[in-house]
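Engineer: Sharing work.cif here; it has mmCIF, C-alpha atoms and all ligand atoms.
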data_query
#
loop_
_atom_site.label_atom_id
_atom_site.label_comp_id
_atom_site.auth_asym_id
_atom_site.auth_seq_id
_atom_site.Cartn_x
_atom_site.Cartn_y
_atom_site.Cartn_z
CA MET A 1 224.45 28.77 151.10
CA PRO A 2 227.08 31.36 152.07
CA THR A 3 226.16 34.78 150.69
CA VAL A 4 229.48 35.08 148.89
CA TYR A 5 228.23 32.73 146.17
CA ASN A 6 225.28 34.97 145.40
CA THR A 7 227.56 37.48 143.77
CA ILE A 8 229.18 34.98 141.42
CA PRO A 9 228.02 35.23 137.83
CA ARG A 10 225.85 32.21 137.23
CA PHE A 11 227.19 29.52 134.97
CA THR A 12 224.74 28.28 132.40
CA LYS A 13 225.28 25.70 129.73
CA GLN A 14 224.97 28.51 127.20
CA ARG A 15 227.58 30.66 128.94
CA PRO A 16 230.00 32.25 126.47
CA ARG A 17 233.64 31.16 126.77
CA CYS A 18 234.80 34.69 127.60
CA SER A 19 233.12 36.83 130.18
CA SER A 20 234.11 39.66 132.43
CA PRO A 21 236.48 38.59 135.20
CA PRO A 22 234.65 36.87 138.04
CA PRO A 23 237.11 37.68 140.86
CA LEU A 24 235.35 35.62 143.49
CA LEU A 25 235.68 32.53 141.38
CA ARG A 26 239.45 32.71 141.45
CA ASN A 27 239.51 32.37 145.20
CA HIS A 28 236.65 29.97 145.47
CA PRO A 29 237.68 27.27 147.93
CA LEU A 30 236.29 24.48 145.78
CA HIS A 31 238.57 25.51 142.96
CA ASN A 32 241.66 25.07 145.05
CA CYS A 33 241.07 21.36 145.41
CA GLY A 34 239.08 20.75 142.29
CA GLY A 35 241.77 20.19 139.73
CA GLY A 36 243.06 23.70 139.18
CA VAL A 37 241.93 27.26 139.36
CA LEU A 38 240.27 29.26 136.65
CA ARG A 39 242.92 30.46 134.29
CA LYS A 40 243.36 33.97 133.14
CA GLN A 41 243.94 33.88 129.42
CA ASP A 42 245.12 36.46 126.99
CA ARG A 43 243.30 36.07 123.71
CA GLY A 44 244.00 38.61 121.01
CA GLY A 45 244.89 41.31 123.52
CA GLU A 46 241.65 40.82 125.38
CA LYS A 47 241.96 39.60 128.93
CA CYS A 48 239.32 37.03 129.48
CA TYR A 49 238.50 34.41 132.02
CA SER A 50 237.27 31.12 130.78
CA ILE A 51 236.52 27.79 132.27
CA PRO A 52 239.06 25.61 130.48
CA MET A 53 237.87 22.44 128.84
CA GLU A 54 239.38 20.31 131.60
CA GLU A 55 237.53 22.25 134.31
CA ARG A 56 234.65 19.81 134.31
CA ILE A 57 232.71 18.23 137.10
CA LEU A 58 231.09 14.82 137.26
CA SER A 59 229.51 12.96 140.11
CA GLY A 60 226.69 10.56 140.86
CA ILE A 61 224.65 8.78 143.51
CA ARG A 62 223.33 5.21 143.51
CA PRO A 63 219.54 4.92 143.68
CA SER A 64 219.87 2.22 146.33
CA SER A 65 217.53 3.85 148.77
CA ARG A 66 216.30 7.32 149.71
CA LEU A 67 219.01 9.94 149.98
CA HIS A 68 220.19 10.99 153.43
CA ILE A 69 221.90 14.06 154.86
CA GLY A 70 225.31 12.35 154.44
CA ASN A 71 224.71 12.25 150.68
CA TYR A 72 223.58 15.87 150.86
CA LEU A 73 226.51 17.23 152.87
CA GLY A 74 229.17 15.05 151.24
CA ALA A 75 227.98 15.44 147.67
CA ILE A 76 224.82 17.33 146.61
CA LYS A 77 225.50 20.52 148.57
CA GLN A 78 228.79 20.94 146.71
CA TRP A 79 227.15 20.12 143.39
CA ILE A 80 224.66 22.94 143.84
CA GLU A 81 227.56 25.39 144.16
CA LEU A 82 229.68 23.82 141.45
CA GLN A 83 226.95 23.89 138.83
CA ASN A 84 227.28 27.69 138.97
CA LEU A 85 231.01 27.56 138.37
CA SER A 86 231.85 24.80 135.94
CA ARG A 87 230.49 22.57 133.22
CA SER A 88 228.85 19.92 135.37
CA PHE A 89 227.43 16.45 134.82
CA PHE A 90 225.41 14.79 137.57
CA MET A 91 224.05 11.32 137.08
CA ILE A 92 221.97 8.70 138.81
CA ALA A 93 224.30 5.71 139.08
CA ASP A 94 221.78 2.94 138.43
CA LEU A 95 224.37 0.52 137.01
CA HIS A 96 226.38 0.74 140.21
CA ALA A 97 223.24 0.23 142.30
CA ILE A 98 222.55 -3.20 140.76
CA THR A 99 225.88 -4.63 141.99
CA THR A 100 224.17 -5.23 145.36
CA PRO A 101 220.74 -6.85 145.90
CA TYR A 102 217.84 -4.74 144.60
CA ASP A 103 214.21 -5.12 143.57
CA PRO A 104 213.58 -4.71 139.80
CA ALA A 105 209.91 -3.97 140.48
CA THR A 106 210.59 -0.88 142.60
CA PHE A 107 213.85 0.16 140.93
CA PRO A 108 212.35 2.59 138.34
CA GLN A 109 210.70 4.48 141.20
CA ALA A 110 213.99 4.56 143.11
CA VAL A 111 215.69 6.15 140.09
CA LYS A 112 212.88 8.68 139.82
CA ASP A 113 213.13 9.46 143.53
CA VAL A 114 216.81 10.38 143.20
CA ALA A 115 216.03 12.58 140.19
CA LEU A 116 213.35 14.35 142.22
CA ASP A 117 215.76 14.78 145.12
CA TYR A 118 218.34 16.32 142.77
CA LEU A 119 215.89 18.86 141.42
CA ALA A 120 214.23 19.64 144.74
CA ALA A 121 217.65 20.17 146.36
CA GLY A 122 218.53 22.81 143.76
CA LEU A 123 220.23 21.14 140.82
CA ASP A 124 219.22 23.02 137.73
CA HIS A 125 219.06 21.46 134.28
CA HIS A 126 219.81 24.85 132.72
CA LYS A 127 223.18 24.83 134.45
CA ALA A 128 224.12 21.16 134.72
CA THR A 129 223.52 18.04 132.67
CA LEU A 130 221.36 15.61 134.64
CA PHE A 131 221.00 12.05 133.43
CA VAL A 132 220.66 8.37 134.25
CA GLN A 133 223.91 6.41 133.86
CA SER A 134 222.43 3.41 131.99
CA HIS A 135 220.93 5.73 129.36
CA ILE A 136 224.47 6.39 128.14
CA PRO A 137 225.71 2.93 127.05
CA GLU A 138 229.10 4.44 126.13
CA HIS A 139 230.03 4.37 129.84
CA VAL A 140 229.91 0.58 129.85
CA GLU A 141 231.87 0.25 126.63
CA LEU A 142 234.58 2.55 127.93
CA ALA A 143 234.64 0.60 131.21
CA TRP A 144 235.38 -2.59 129.25
CA LEU A 145 238.20 -0.89 127.38
CA PHE A 146 239.59 0.40 130.70
CA SER A 147 239.32 -3.07 132.22
CA THR A 148 242.03 -4.21 129.81
CA ILE A 149 244.52 -1.82 131.44
CA THR A 150 243.38 -2.07 135.08
CA PRO A 151 245.42 -4.37 137.34
CA VAL A 152 243.15 -6.77 139.27
CA GLY A 153 245.39 -6.21 142.31
CA GLU A 154 244.27 -2.58 142.45
CA LEU A 155 240.61 -3.62 142.44
CA ASN A 156 241.13 -6.26 145.12
CA ARG A 157 242.46 -3.73 147.57
CA MET A 158 239.54 -1.28 147.29
CA THR A 159 238.00 -0.80 150.74
CA GLN A 160 234.44 -0.86 149.45
CA TYR A 161 235.03 -4.19 147.70
CA LYS A 162 236.61 -5.61 150.84
CA GLU A 163 233.59 -4.55 152.89
CA LYS A 164 230.87 -5.60 150.48
CA GLY A 165 232.27 -8.42 148.41
CA GLU A 166 235.60 -10.01 149.22
CA GLY A 167 235.31 -13.59 150.43
CA LYS A 168 231.51 -13.57 150.22
CA THR A 169 229.75 -16.11 148.02
CA SER A 170 227.42 -13.30 146.90
CA ALA A 171 230.38 -11.28 145.56
CA ASN A 172 229.93 -10.62 141.87
CA LEU A 173 232.27 -9.39 139.17
CA GLY A 174 230.33 -6.11 138.98
CA LEU A 175 231.24 -5.35 142.58
CA LEU A 176 234.93 -5.92 141.84
CA ALA A 177 234.80 -3.97 138.56
CA TYR A 178 232.75 -1.16 140.20
CA PRO A 179 235.63 1.39 140.25
CA VAL A 180 236.44 0.73 136.58
CA LEU A 181 232.91 1.76 135.62
CA MET A 182 233.30 4.76 137.92
CA ALA A 183 236.51 5.71 136.09
CA ALA A 184 234.61 5.48 132.80
CA ASP A 185 231.79 7.65 134.22
CA ILE A 186 234.31 10.33 135.11
CA LEU A 187 236.75 10.16 132.22
CA ILE A 188 234.19 9.89 129.42
CA TYR A 189 233.37 13.55 130.21
CA LYS A 190 237.07 14.36 130.76
CA ALA A 191 236.09 15.58 134.22
CA THR A 192 238.82 16.98 136.48
CA GLY A 193 236.72 17.52 139.58
CA VAL A 194 234.70 14.81 141.29
CA PRO A 195 232.74 16.15 144.29
CA VAL A 196 232.20 13.16 146.58
CA GLY A 197 232.26 12.10 150.21
CA GLU A 198 235.41 10.62 151.72
CA ASP A 199 234.40 7.00 151.10
CA GLN A 200 234.67 7.50 147.33
CA VAL A 201 238.13 9.07 147.29
CA GLN A 202 239.91 5.75 146.75
CA HIS A 203 237.79 5.14 143.64
CA VAL A 204 238.62 8.57 142.26
CA GLU A 205 242.30 7.83 142.88
CA LEU A 206 241.93 4.71 140.76
CA ALA A 207 240.38 6.78 137.99
CA ARG A 208 243.58 8.86 138.09
CA VAL A 209 245.68 5.70 137.79
CA ILE A 210 243.61 4.54 134.82
CA ALA A 211 243.85 7.95 133.12
CA ARG A 212 247.61 7.94 133.61
CA LYS A 213 247.99 4.41 132.25
CA PHE A 214 245.83 5.14 129.22
CA ASN A 215 247.71 8.36 128.44
CA ALA A 216 251.08 6.61 128.77
CA LYS A 217 250.00 3.85 126.38
CA HIS A 218 247.98 5.79 123.82
CA GLY A 219 248.98 9.44 124.15
CA ALA A 220 247.52 12.36 126.11
CA THR A 221 243.76 11.86 126.21
CA PHE A 222 242.43 12.24 129.75
CA PRO A 223 243.02 14.76 132.53
CA GLU A 224 243.73 13.21 135.93
CA PRO A 225 240.59 13.84 138.00
CA LYS A 226 240.68 14.89 141.63
CA ALA A 227 238.16 14.34 144.40
CA ILE A 228 236.56 17.53 145.73
CA LEU A 229 235.76 17.15 149.40
CA SER A 230 233.52 19.28 151.61
CA HIS A 231 233.44 19.85 155.38
CA GLY A 232 230.70 17.23 155.55
CA LYS A 233 232.81 14.61 153.81
CA ARG A 234 232.07 11.95 156.40
CA ILE A 235 228.83 12.24 158.35
CA MET A 236 228.43 9.46 160.87
CA SER A 237 225.40 7.35 161.76
CA LEU A 238 223.33 8.81 164.59
CA THR A 239 222.82 5.42 166.21
CA GLU A 240 226.29 3.97 165.52
CA PRO A 241 228.55 7.02 165.34
CA THR A 242 231.69 5.00 164.63
CA LYS A 243 230.18 4.03 161.26
CA LYS A 244 229.35 6.42 158.46
CA MET A 245 225.73 7.30 157.85
CA SER A 246 224.57 5.05 155.02
CA LYS A 247 221.47 4.27 153.01
CA SER A 248 220.89 1.04 154.97
CA ASP A 249 221.42 2.80 158.29
CA GLY A 250 218.51 3.25 160.68
CA GLY A 251 220.42 6.25 162.08
CA GLY A 252 220.17 8.17 158.80
CA ILE A 253 217.99 11.22 158.18
CA GLN A 254 216.37 11.25 154.76
CA LEU A 255 216.13 14.53 152.90
CA ASP A 256 212.34 14.46 152.87
CA ASP A 257 211.81 13.22 156.42
CA SER A 258 209.11 15.23 158.17
CA PRO A 259 210.12 17.50 161.10
CA GLU A 260 208.57 14.94 163.48
CA VAL A 261 210.60 12.06 162.05
CA ILE A 262 213.77 14.17 162.08
CA LYS A 263 213.18 15.03 165.73
CA LYS A 264 212.59 11.38 166.65
CA LYS A 265 215.79 10.28 164.91
CA VAL A 266 217.99 13.05 166.28
CA MET A 267 216.72 12.61 169.84
CA LYS A 268 217.79 8.96 169.64
CA ALA A 269 221.34 9.93 168.63
CA VAL A 270 224.01 8.20 170.67
CA THR A 271 226.15 10.61 172.69
CA GLY A 272 227.81 8.16 175.09
CA THR A 273 228.49 9.06 178.66
CA LYS A 274 231.33 11.51 178.31
CA GLY A 275 231.63 14.51 176.09
CA GLY A 276 234.72 16.02 174.53
CA ASP A 277 236.91 15.41 171.57
CA GLY A 278 237.09 11.66 171.81
CA ASN A 279 233.34 11.08 171.67
CA PRO A 280 232.33 10.27 168.08
CA GLY A 281 228.59 10.72 168.72
CA VAL A 282 229.05 14.20 170.16
CA MET A 283 231.55 15.16 167.47
CA ASN A 284 229.05 14.11 164.83
CA LEU A 285 226.29 16.19 166.44
CA PHE A 286 228.59 19.22 166.46
CA ALA A 287 229.42 18.58 162.81
CA LEU A 288 225.68 18.67 162.05
CA LEU A 289 225.19 21.77 164.19
CA LYS A 290 227.94 23.52 162.23
CA GLU A 291 226.30 22.61 158.91
CA PHE A 292 222.72 23.45 159.74
CA SER A 293 222.76 26.11 162.48
CA ASP A 294 224.11 29.66 162.59
CA ALA A 295 227.55 30.57 163.93
CA THR A 296 226.24 32.10 167.18
CA THR A 297 224.25 29.02 168.08
CA TYR A 298 227.24 26.83 167.26
CA ARG A 299 229.50 28.90 169.51
CA GLN A 300 226.98 28.85 172.39
CA PHE A 301 226.76 25.06 172.37
CA MET A 302 230.51 24.74 171.91
CA ASN A 303 231.08 26.92 175.02
CA ALA A 304 228.59 24.82 176.97
CA GLU A 305 230.41 21.67 175.83
CA GLU A 306 233.78 23.09 176.86
CA THR A 307 232.51 24.12 180.29
CA SER A 308 230.63 20.81 180.72
CA THR A 309 227.32 22.65 181.18
CA ILE A 310 225.82 21.28 178.02
CA LYS A 311 222.51 19.42 177.95
CA TYR A 312 222.61 17.02 175.02
CA SER A 313 218.79 16.95 174.83
CA GLU A 314 218.88 20.71 174.09
CA LEU A 315 221.66 20.26 171.55
CA LYS A 316 219.64 17.55 169.79
CA SER A 317 216.43 19.63 169.81
CA GLN A 318 218.32 22.53 168.25
CA ILE A 319 219.83 20.32 165.52
CA ALA A 320 216.49 18.65 164.74
CA GLU A 321 214.79 22.02 164.43
CA ASP A 322 217.52 23.44 162.18
CA ILE A 323 217.65 20.38 159.90
CA ALA A 324 213.86 20.44 159.57
CA ARG A 325 213.98 24.14 158.69
CA HIS A 326 216.84 23.68 156.22
CA PHE A 327 214.84 21.14 154.21
CA GLU A 328 211.48 22.91 154.44
CA SER A 329 211.58 24.31 150.90
CA PHE A 330 213.07 21.02 149.70
CA ARG A 331 210.01 19.15 150.98
CA THR A 332 207.59 21.59 149.34
CA ARG A 333 209.41 21.61 146.02
CA ARG A 334 209.78 17.84 146.00
CA ALA A 335 206.05 17.36 146.57
CA GLU A 336 205.31 19.75 143.68
CA LEU A 337 207.76 18.02 141.34
CA ALA A 338 206.52 14.54 142.24
CA GLY A 339 203.23 15.43 140.59
CA ASN A 340 204.89 16.47 137.34
CA ASN A 341 206.14 13.31 135.68
CA ARG A 342 206.38 14.93 132.29
CA TYR A 343 208.76 17.63 133.46
CA LEU A 344 211.04 15.04 135.05
CA GLU A 345 211.08 12.97 131.86
CA GLU A 346 211.91 16.05 129.80
CA VAL A 347 214.78 17.04 132.07
CA LEU A 348 216.30 13.56 131.93
CA SER A 349 215.82 13.16 128.20
CA GLU A 350 217.50 16.54 127.57
CA GLY A 351 220.33 15.42 129.87
CA THR A 352 220.70 12.13 128.00
CA LYS A 353 221.08 13.96 124.69
CA GLU A 354 223.70 16.33 126.08
CA ALA A 355 225.68 13.66 127.92
CA ARG A 356 225.57 11.24 125.03
CA SER A 357 226.96 13.69 122.52
CA VAL A 358 230.02 14.25 124.75
CA ALA A 359 230.38 10.55 125.64
CA LYS A 360 230.21 9.41 122.01
CA LYS A 361 233.04 11.74 121.03
CA THR A 362 235.34 10.54 123.79
CA LEU A 363 234.60 6.90 123.07
CA GLU A 364 235.36 7.37 119.40
CA GLU A 365 238.67 9.05 120.25
CA VAL A 366 239.57 6.17 122.60
CA LYS A 367 238.64 3.48 120.09
CA LYS A 368 240.71 5.15 117.40
CA LYS A 369 243.72 5.36 119.71
CA MET A 370 243.29 1.73 120.70
CA GLY A 371 243.18 0.63 117.07
CA LEU A 372 239.57 -0.52 117.17
CA ILE A 373 238.28 1.79 114.44
P1 LIG B 401 226.85 6.59 146.97
O1 LIG B 401 225.55 6.46 146.28
O2 LIG B 401 227.23 5.54 147.95
O3 LIG B 401 226.95 7.97 147.72
C1 LIG B 401 226.68 9.17 147.03
C2 LIG B 401 227.55 10.29 147.54
O4 LIG B 401 227.31 10.55 148.92
C3 LIG B 401 228.54 10.49 149.65
N1 LIG B 401 228.26 9.96 150.99
C4 LIG B 401 228.59 10.59 152.12
N2 LIG B 401 229.20 11.76 152.35
C5 LIG B 401 229.37 12.12 153.65
N3 LIG B 401 228.96 11.35 154.71
C6 LIG B 401 228.34 10.18 154.51
N4 LIG B 401 227.92 9.46 155.54
C7 LIG B 401 228.13 9.75 153.16
N5 LIG B 401 227.55 8.65 152.62
C8 LIG B 401 227.63 8.80 151.28
C9 LIG B 401 229.41 9.55 148.84
O5 LIG B 401 230.78 9.71 149.13
C10 LIG B 401 229.05 9.94 147.44
O6 LIG B 401 229.76 11.08 147.03
N6 LIG B 401 230.11 5.02 143.59
C11 LIG B 401 229.33 6.15 143.98
C12 LIG B 401 228.42 6.65 142.84
C13 LIG B 401 229.16 6.90 141.58
C14 LIG B 401 230.03 7.99 141.32
C15 LIG B 401 230.49 7.79 139.97
C16 LIG B 401 230.48 9.06 142.09
C17 LIG B 401 229.10 6.14 140.44
N7 LIG B 401 229.91 6.67 139.49
C18 LIG B 401 231.42 8.68 139.41
C19 LIG B 401 231.39 9.96 141.49
C20 LIG B 401 231.84 9.74 140.17
C21 LIG B 401 228.46 5.76 145.16
O7 LIG B 401 228.16 4.62 145.35
O8 LIG B 401 228.03 6.77 145.90
#
As structure tokens, how would this structure be written, given the file I've shared?
Ligand code: TYM
Structural biologist:
Amino acid sequence: MPTVYNTIPRFTKQRPRCSSPPPLLRNHPLHNCGGGVLRKQDRGGEKCYSIPMEERILSGIRPSSRLHIGNYLGAIKQWIELQNLSRSFFMIADLHAITTPYDPATFPQAVKDVALDYLAAGLDHHKATLFVQSHIPEHVELAWLFSTITPVGELNRMTQYKEKGEGKTSANLGLLAYPVLMAADILIYKATGVPVGEDQVQHVELARVIARKFNAKHGATFPEPKAILSHGKRIMSLTEPTKKMSKSDGGGIQLDDSPEVIKKKVMKAVTGTKGGDGNPGVMNLFALLKEFSDATTYRQFMNAEETSTIKYSELKSQIAEDIARHFESFRTRRAELAGNNRYLEEVLSEGTKEARSVAKKTLEEVKKKMGLI
């Protein structure tokens, strides 16, 4: 984590609304694309900086399989920073995960694995609300209400639906309605910032459309959320570098892979025959080098690439070593947490209580505006 963040006053759920000015926050890069900057307010002559109500963060990950470094760089890494800055909600999107084939027998463990990954990676339940999506039934109710104002045409043109469902006999309604539930996940907390990888941007855009439509019909209720993207917004598969790294991808590195496994996977990375800008495998390796290695090492390999003196085996060894080192404390912490079921249950049950109290309020407001209560 860049040192600059260490000097930022830590956000906690108990943080008072007014605190001394946190200058670094105002220029924080994430805030420039995350739905507005912190506003300076003048309350009763006292200059104070507060995180406005709409400065809220929500995101989630499906427990479809073990998390990989694409999930980490595109999503979790940003979450760890954002939990210090804003009121944040991070969930395990189990209801989205069941729109594609899954095994009910192993599913509870898959949910638990994601929760462990969240905590081991550095999400902190004192700072952010951590919960399982299906434990907050209000999401589904709001999704139904939103479905009555969502044009089917918009859903049909979603890239993810086209890839996973369209035209297939296995396509289910849940897969088509997937972004409507996502909109409910986001808007039920009135989130403005949604830190995700590039593949989810289209869904966040639809949440904006839904918010706009609802507000136009029933009066100002929801902010229009924006996707927050990181440098690692699209990490590619190591074995098929024209495709993004995914949970079903053999070319993906899991967060708790051992150094040996990481090395094996990285050494198999496809680089093609020629280097340079047009080579997606090489570009992907440099993207990983930038994320996990120091600036000097990055520059050295970049120079070697530019002068065509590079040895890709050396580049891969360096990346494997640096990824393994980066996740060393993650592996230790995860192993510790895995033995403490009770702690995990407590964290998630506290998160459920917190999330539910916010979700209930929003749902009630929506139902009143829609003439249902
Ligand atoms: P999911 O589980 O597919 O992915 C979780 C997060 O990881 C990002 N990601 C990547 N980023 C960079 N490079 C990659 N190769 C890569 N692969 C995945 C994704 O963009 C995502 O941010 N629908 C969501 C889960 C969800 C959600 C939400 C997200 C449900 N409700 C509300 C935000 C807000 C999904 O399937 O993500």
Engineer: One decimal, in Å: what's the spacing between CA of Thr307 in chain A and CA of Leu289 in chain A?
Structural biologist: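 Separating CA of Thr307 in chain A from CA of Leu289 in chain A is a distance of 17.8 Å.
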Engineer: Report, in Å to a single decimal, how far apart CA of Leu119 in chain A and CA of Leu85 in chain A are.
Structural biologist: 17.7 Å
Engineer: Step by step, measure atom-to-atom distances between ligand LIG 401 (chain B) and each residue using all atoms listed in the file, keep those at most 6 Å, then write them as a list in words.
Structural biologist: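 Residues lying within 6 Å of ligand LIG 401 (chain B): Leu58, Ser59, Gly60, Ile61, Arg62, Gly70, Asn71, Leu73, Gly74, Ala75, Ala93, Met182, Asp185, Ile186, Val194, Val196, Gly197, Glu198, Asp199, Gln200, Gly232, Lys233, Arg234, Ile235, Met236, Lys244, Met245 and Ser246 of chain A.
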Engineer: List as a PDB file with C-alpha atoms, in the coordinates of the input the protein and nucleic acid residues near Asn172 in chain A, meaning an atom at most 8 Å away when all atoms listed in the file are counted, but skip any in the same chain fewer than 4 places from it.
Structural biologist:
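Done, and the output landed in selection04.pdb:
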ATOM      1  CA  THR A  99     225.880  -4.630 141.990  1.00  0.00           C
ATOM      2  CA  GLY A 165     232.270  -8.420 148.410  1.00  0.00           C
ATOM      3  CA  LEU A 176     234.930  -5.920 141.840  1.00  0.00           C
TER       4      LEU A 176
END
Engineer: Could you make a table, as a tab-separated table, of the residues of range 117-162 of chain A that have an atom within 9 Å of an atom of range 333-343 of chain A, each with its nearest atom pair and distance in Å to one decimal, counting all atoms listed in the file, in chain and number order?
Structural biologist:
residue	atom	partner	partner_atom	distance
A:Asp117	CA	A:Arg334	CA	6.8
A:Leu119	CA	A:Arg334	CA	7.7
A:Ala120	CA	A:Arg334	CA	5.0
A:Ala121	CA	A:Arg334	CA	8.2
Engineer: Rank nothing, just name the residue among A:His96, A:Lys13, A:Arg208, A:His126 nearest to Tyr178 in chain A, using all atoms listed in the file.
Structural biologist: A:His96
Engineer: Using the file's own x, y and z axes, so that the box edges lie along x, y and z, what centre and edge lengths in Å (one decimal) does a box around every listed atom of range 206-219 of chain A get when 4 Å is added on each side? Give it as AutoDock Vina command-line options.
Structural biologist:
--center_x 245.7 --center_y 6.6 --center_z 132.3 --size_x 18.7 --size_y 13.6 --size_z 24.9
Engineer: Nearest residue to Asp257 in chain A out of A:Thr332, A:Thr309, A:Thr148, A:Ser349, using all atoms listed in the file?
Structural biologist: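 For Asp257 in chain A, the nearest of the given residues is A:Thr332.
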Engineer: Do a neighbour search on Glu350 in chain A at 12 Å with only C-alpha atoms, toss out local chain neighbours closer than 2 positions, and write the hits as number ranges by chain.
Structural biologist: A: 125-126, 128-132, 135, 343-348, 352-357
Engineer: Report as a CSV table (one decimal) with C-alpha atoms, keeping the file's coordinate frame all protein, DNA and RNA residues lying within 8 Å of range 249-255 of chain A, evaluated on all atoms listed in the file, omitting residues in the same chain fewer than 2 positions from it.
Structural biologist:
chain,number,residue,atom,x,y,z
A,66,ARG,CA,216.3,7.3,149.7
A,67,LEU,CA,219.0,9.9,150.0
A,68,HIS,CA,220.2,11.0,153.4
A,69,ILE,CA,221.9,14.1,154.9
A,70,GLY,CA,225.3,12.4,154.4
A,72,TYR,CA,223.6,15.9,150.9
A,117,ASP,CA,215.8,14.8,145.1
A,237,SER,CA,225.4,7.4,161.8
A,238,LEU,CA,223.3,8.8,164.6
A,239,THR,CA,222.8,5.4,166.2
A,240,GLU,CA,226.3,4.0,165.5
A,245,MET,CA,225.7,7.3,157.8
A,246,SER,CA,224.6,5.0,155.0
A,247,LYS,CA,221.5,4.3,153.0
A,257,ASP,CA,211.8,13.2,156.4
A,262,ILE,CA,213.8,14.2,162.1
A,265,LYS,CA,215.8,10.3,164.9
A,269,ALA,CA,221.3,9.9,168.6
A,327,PHE,CA,214.8,21.1,154.2
A,330,PHE,CA,213.1,21.0,149.7
A,331,ARG,CA,210.0,19.2,151.0
Engineer: Enter the distance from CA of Asp113 in chain A to CA of Glu141 in chain A, in Å, rounded to one decimal.
Structural biologist: 26.9 Å
Engineer: Go through A:Lys264, A:Lys316, A:His139, A:Arg56 one by one, measure the shortest atom-to-atom distance of each to Val282 in chain A using only C-alpha atoms, and give the residue with the smallest value.
Structural biologist: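 Of A:Lys264, A:Lys316, A:His139, A:Arg56, the one nearest Val282 in chain A, counting only C-alpha atoms, is A:Lys316.
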Engineer: With a distance cut-off of 7 Å and all atoms listed in the file, select the neighbouring residues of Ser317 in chain A, excluding the residue or stretch itself and same-chain residues fewer than 4 positions from it, and output the selection as a list in words.
Structural biologist: Lys263, Ser313 and Glu321 of chain A
Engineer: Tyr298 in chain A: which residues within 12 Å, counting all atoms listed in the file, same-chain residues fewer than 6 positions away excluded, as an MDAnalysis selection string?
Structural biologist: chainID A and resid 285:292 304:305 315 318:319 322
Engineer: In terms of the shortest atom-to-atom distance over only C-alpha atoms, which of A:Tyr189, A:Phe146, A:Tyr312, A:Phe222 is closest to Val358 in chain A?
Structural biologist: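 Ranked by minimum distance to Val358 in chain A, first place goes to A:Tyr189.
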Engineer: Given the choices A:Glu224, A:Asp94, A:Glu163, A:Glu306, which gets closest to Glu55 in chain A if the distance is worked out from all atoms listed in the file?
Structural biologist: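 Of A:Glu224, A:Asp94, A:Glu163, A:Glu306, the one nearest Glu55 in chain A, counting all atoms listed in the file, is A:Glu224.
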Engineer: Export range 138-157 of chain A from the structure block above, keeping C-alpha atoms, as a PDB file, in the first residue's frame.
Structural biologist:
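Below is the file that was written, selection.pdb:
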ATOM      1  CA  GLU A 138     -34.507  -6.656   1.346  1.00  0.00           C
ATOM      2  CA  HIS A 139     -32.101  -6.763  -1.622  1.00  0.00           C
ATOM      3  CA  VAL A 140     -34.340  -9.230  -3.428  1.00  0.00           C
ATOM      4  CA  GLU A 141     -37.507  -7.309  -2.668  1.00  0.00           C
ATOM      5  CA  LEU A 142     -35.981  -4.095  -3.963  1.00  0.00           C
ATOM      6  CA  ALA A 143     -34.757  -5.947  -7.067  1.00  0.00           C
ATOM      7  CA  TRP A 144     -38.349  -6.986  -7.811  1.00  0.00           C
ATOM      8  CA  LEU A 145     -39.557  -3.423  -7.424  1.00  0.00           C
ATOM      9  CA  PHE A 146     -36.751  -2.242  -9.738  1.00  0.00           C
ATOM     10  CA  SER A 147     -37.636  -4.935 -12.270  1.00  0.00           C
ATOM     11  CA  THR A 148     -40.923  -3.123 -12.866  1.00  0.00           C
ATOM     12  CA  ILE A 149     -39.038  -0.088 -14.199  1.00  0.00           C
ATOM     13  CA  THR A 150     -36.155  -1.844 -15.990  1.00  0.00           C
ATOM     14  CA  PRO A 151     -36.489  -2.212 -19.777  1.00  0.00           C
ATOM     15  CA  VAL A 152     -35.829  -5.823 -20.872  1.00  0.00           C
ATOM     16  CA  GLY A 153     -33.921  -4.414 -23.864  1.00  0.00           C
ATOM     17  CA  GLU A 154     -31.286  -3.001 -21.506  1.00  0.00           C
ATOM     18  CA  LEU A 155     -30.820  -6.402 -19.868  1.00  0.00           C
ATOM     19  CA  ASN A 156     -30.594  -8.222 -23.193  1.00  0.00           C
ATOM     20  CA  ARG A 157     -27.655  -6.132 -24.304  1.00  0.00           C
TER      21      ARG A 157
END
